[in-house]
>>> print(open('final.pdb').read())   # PDB, C-alpha atoms, pLDDT in the B column
ATOM      1  CA  MET N  28     -12.144   5.743  -1.875  1.00 53.00           C
ATOM      2  CA  SER N  29     -14.482   2.811  -1.498  1.00 52.00           C
ATOM      3  CA  ALA N  30     -17.011   2.370   1.282  1.00 57.00           C
ATOM      4  CA  SER N  31     -15.619   0.775   4.384  1.00 57.00           C
ATOM      5  CA  SER N  32     -16.731  -2.386   6.115  1.00 63.00           C
ATOM      6  CA  PRO N  33     -16.414  -2.932   9.877  1.00 64.00           C
ATOM      7  CA  SER N  34     -12.923  -4.354   9.307  1.00 80.00           C
ATOM      8  CA  GLU N  35     -11.785  -1.437   7.122  1.00 85.00           C
ATOM      9  CA  LYS N  36     -11.106   2.256   7.658  1.00 88.00           C
ATOM     10  CA  GLN N  37     -12.032   4.907   5.152  1.00 89.00           C
ATOM     11  CA  LEU N  38      -9.696   7.761   4.231  1.00 88.00           C
ATOM     12  CA  SER N  39     -11.255  11.176   3.722  1.00 94.00           C
ATOM     13  CA  ILE N  40      -9.766  13.268   0.916  1.00 94.00           C
ATOM     14  CA  PRO N  41     -11.150  16.710   0.053  1.00 96.00           C
ATOM     15  CA  LYS N  42     -13.014  16.549  -3.275  1.00 95.00           C
ATOM     16  CA  ASP N  43     -10.978  19.370  -4.818  1.00 96.00           C
ATOM     17  CA  VAL N  44      -7.748  17.540  -3.967  1.00 96.00           C
ATOM     18  CA  TYR N  45      -9.126  14.270  -5.363  1.00 95.00           C
ATOM     19  CA  ARG N  46     -10.191  15.977  -8.604  1.00 95.00           C
ATOM     20  CA  ALA N  47      -6.818  17.723  -8.916  1.00 96.00           C
ATOM     21  CA  MET N  48      -4.935  14.436  -9.153  1.00 96.00           C
ATOM     22  CA  LYS N  49      -3.114  14.164 -12.473  1.00 96.00           C
ATOM     23  CA  VAL N  50      -4.279  10.595 -12.861  1.00 96.00           C
ATOM     24  CA  PRO N  51      -7.238   9.276 -14.896  1.00 96.00           C
ATOM     25  CA  GLU N  52     -10.359   9.315 -12.726  1.00 94.00           C
ATOM     26  CA  ASP N  53     -10.781   5.540 -12.875  1.00 96.00           C
ATOM     27  CA  LYS N  54      -7.215   5.059 -11.534  1.00 96.00           C
ATOM     28  CA  ARG N  55      -7.319   7.541  -8.619  1.00 96.00           C
ATOM     29  CA  ASP N  56      -8.326   5.167  -5.811  1.00 94.00           C
ATOM     30  CA  GLU N  57      -5.775   2.592  -6.936  1.00 95.00           C
ATOM     31  CA  THR N  58      -3.080   5.275  -7.169  1.00 96.00           C
ATOM     32  CA  ILE N  59      -3.830   6.618  -3.686  1.00 96.00           C
ATOM     33  CA  GLN N  60      -3.647   3.145  -2.155  1.00 95.00           C
ATOM     34  CA  LYS N  61      -0.443   2.289  -4.000  1.00 97.00           C
ATOM     35  CA  GLU N  62       1.271   5.581  -3.112  1.00 97.00           C
ATOM     36  CA  LEU N  63       0.195   5.312   0.514  1.00 97.00           C
ATOM     37  CA  ALA N  64       1.499   1.755   0.692  1.00 98.00           C
ATOM     38  CA  VAL N  65       4.868   2.699  -0.807  1.00 98.00           C
ATOM     39  CA  SER N  66       5.226   5.697   1.485  1.00 97.00           C
ATOM     40  CA  LEU N  67       4.319   3.771   4.637  1.00 97.00           C
ATOM     41  CA  TYR N  68       6.714   0.992   3.693  1.00 96.00           C
ATOM     42  CA  ARG N  69       9.546   3.399   2.878  1.00 96.00           C
ATOM     43  CA  GLU N  70       9.090   5.090   6.266  1.00 95.00           C
ATOM     44  CA  LYS N  71       9.082   1.671   7.998  1.00 92.00           C
ATOM     45  CA  ILE N  72       5.525   2.164   9.247  1.00 95.00           C
ATOM     46  CA  LEU N  73       4.205  -0.953   7.468  1.00 94.00           C
ATOM     47  CA  SER N  74       5.871  -4.273   6.799  1.00 89.00           C
ATOM     48  CA  PHE N  75       6.327  -5.461   3.237  1.00 90.00           C
ATOM     49  CA  GLY N  76       3.378  -7.878   3.560  1.00 90.00           C
ATOM     50  CA  LYS N  77       0.968  -5.289   4.919  1.00 94.00           C
ATOM     51  CA  ALA N  78       2.114  -2.608   2.466  1.00 96.00           C
ATOM     52  CA  ARG N  79       1.601  -4.876  -0.520  1.00 96.00           C
ATOM     53  CA  GLN N  80      -1.797  -5.852   0.893  1.00 96.00           C
ATOM     54  CA  LEU N  81      -2.723  -2.162   1.102  1.00 96.00           C
ATOM     55  CA  ALA N  82      -1.484  -1.658  -2.469  1.00 97.00           C
ATOM     56  CA  ASN N  83      -3.556  -4.691  -3.538  1.00 96.00           C
ATOM     57  CA  MET N  84      -0.540  -6.146  -5.327  1.00 96.00           C
ATOM     58  CA  THR N  85       1.141  -9.520  -5.405  1.00 95.00           C
ATOM     59  CA  LYS N  86       4.449  -9.971  -3.619  1.00 92.00           C
ATOM     60  CA  TRP N  87       6.314  -9.764  -6.916  1.00 93.00           C
ATOM     61  CA  GLU N  88       4.392  -6.747  -8.213  1.00 96.00           C
ATOM     62  CA  PHE N  89       5.087  -4.802  -5.030  1.00 96.00           C
ATOM     63  CA  HIS N  90       8.730  -5.917  -5.034  1.00 93.00           C
ATOM     64  CA  ASP N  91       9.077  -4.636  -8.635  1.00 96.00           C
ATOM     65  CA  LEU N  92       7.391  -1.347  -7.721  1.00 97.00           C
ATOM     66  CA  LEU N  93       9.846  -0.795  -4.861  1.00 96.00           C
ATOM     67  CA  LYS N  94      12.724  -1.624  -7.190  1.00 95.00           C
ATOM     68  CA  GLU N  95      11.459   0.905  -9.773  1.00 96.00           C
ATOM     69  CA  ARG N  96      11.373   3.542  -7.036  1.00 95.00           C
ATOM     70  CA  ASN N  97      14.833   2.606  -5.695  1.00 94.00           C
ATOM     71  CA  ILE N  98      13.376   1.687  -2.309  1.00 94.00           C
ATOM     72  CA  GLU N  99      15.386  -0.992  -0.552  1.00 88.00           C
ATOM     73  CA  ARG N 100      13.648  -3.868   1.195  1.00 86.00           C
ATOM     74  CA  HIS N 101      13.972  -3.726   4.948  1.00 81.00           C
ATOM     75  CA  TYR N 102      13.278  -7.040   6.513  1.00 72.00           C
ATOM     76  CA  THR N 103      13.447  -7.627  10.244  1.00 74.00           C
ATOM     77  CA  GLU N 104      12.714 -10.725  12.265  1.00 81.00           C
ATOM     78  CA  GLU N 105       9.392  -9.106  13.214  1.00 79.00           C
ATOM     79  CA  ASN N 106       8.572  -8.646   9.522  1.00 67.00           C
ATOM     80  CA  PHE N 107       9.406 -12.296   8.909  1.00 79.00           C
ATOM     81  CA  LYS N 108       7.093 -13.430  11.707  1.00 83.00           C
ATOM     82  CA  GLU N 109       4.296 -11.180  10.429  1.00 79.00           C
ATOM     83  CA  ASP N 110       4.714 -12.423   6.858  1.00 77.00           C
ATOM     84  CA  LEU N 111       4.782 -16.020   8.078  1.00 82.00           C
ATOM     85  CA  LYS N 112       1.563 -15.450  10.029  1.00 83.00           C
ATOM     86  CA  TYR N 113      -0.033 -13.771   7.003  1.00 77.00           C
ATOM     87  CA  ALA N 114       1.026 -16.682   4.749  1.00 82.00           C
ATOM     88  CA  LYS N 115      -0.705 -19.170   7.031  1.00 83.00           C
ATOM     89  CA  GLU N 116      -4.036 -17.303   6.817  1.00 74.00           C
TER      90      GLU N 116
END
>>> encode(input="final.pdb", output="structure tokens")
Amino acid sequence: MSASSPSEKQLSIPKDVYRAMKVPEDKRDETIQKELAVSLYREKILSFGKARQLANMTKWEFHDLLKERNIERHYTEENFKEDLKYAKE
């Protein structure tokens, strides 16, 4: 994945695992981020806003991706407050 800045964390993936991905090489980083975002959202580890940020997708793109995967939106008051805060930034 890309180099990290002080405000980012870098994920370490063994090279043989990275190369084994059945995804074009130029799409691997994007795929990892998107799959991680979907998984963390599905498991209620990340809010919708943070998951879509991780996936580097618009609200509507991420919403459509969840719909394609039959993943229901879970939206709590805490999620609303976090999304509201994020929208003000």
>>> resolve_selection(input="final.pdb", expression="the PyMOL selection byres ((chain N and resi 110) around 12)", output="VMD selection string")
chain N and resid 73 to 80 86 102 to 109 111 to 116
>>> resolve_selection(input="final.pdb", expression="the PyMOL selection byres ((chain N and resi 84) around 12)", output="list in words")
Glu57, Thr58, Gln60, Lys61, Ala64, Val65, Phe75, Gly76, Lys77, Ala78, Arg79, Gln80, Leu81, Ala82, Asn83, Thr85, Lys86, Trp87, Glu88, Phe89, His90, Asp91, Leu92 and Leu93 of chain N
>>> atom_distance(input="final.pdb", atom1="CA of Val44 in chain N", atom2="CA of Glu62 in chain N")
15.0 Å
>>> atom_distance(input="final.pdb", atom1="CA of Lys71 in chain N", atom2="CA of Arg96 in chain N")
15.3 Å
>>> atom_distance(input="final.pdb", atom1="CA of Asp43 in chain N", atom2="CA of Leu67 in chain N")
23.8 Å
>>> axis_aligned_box(input="final.pdb", around="range 65-81 of chain N", padding_each_side="3 Å", output="lines of an AutoDock Vina configuration file")
center_x = 3.4
center_y = -1.1
center_z = 4.2
size_x = 18.3
size_y = 19.6
size_z = 16.1
>>> closest_residue(input="final.pdb", among="N:Glu95, N:Pro41, N:Asp56, N:Arg100", to="Tyr68 in chain N", atoms="all atoms listed in the file")
N:Arg100
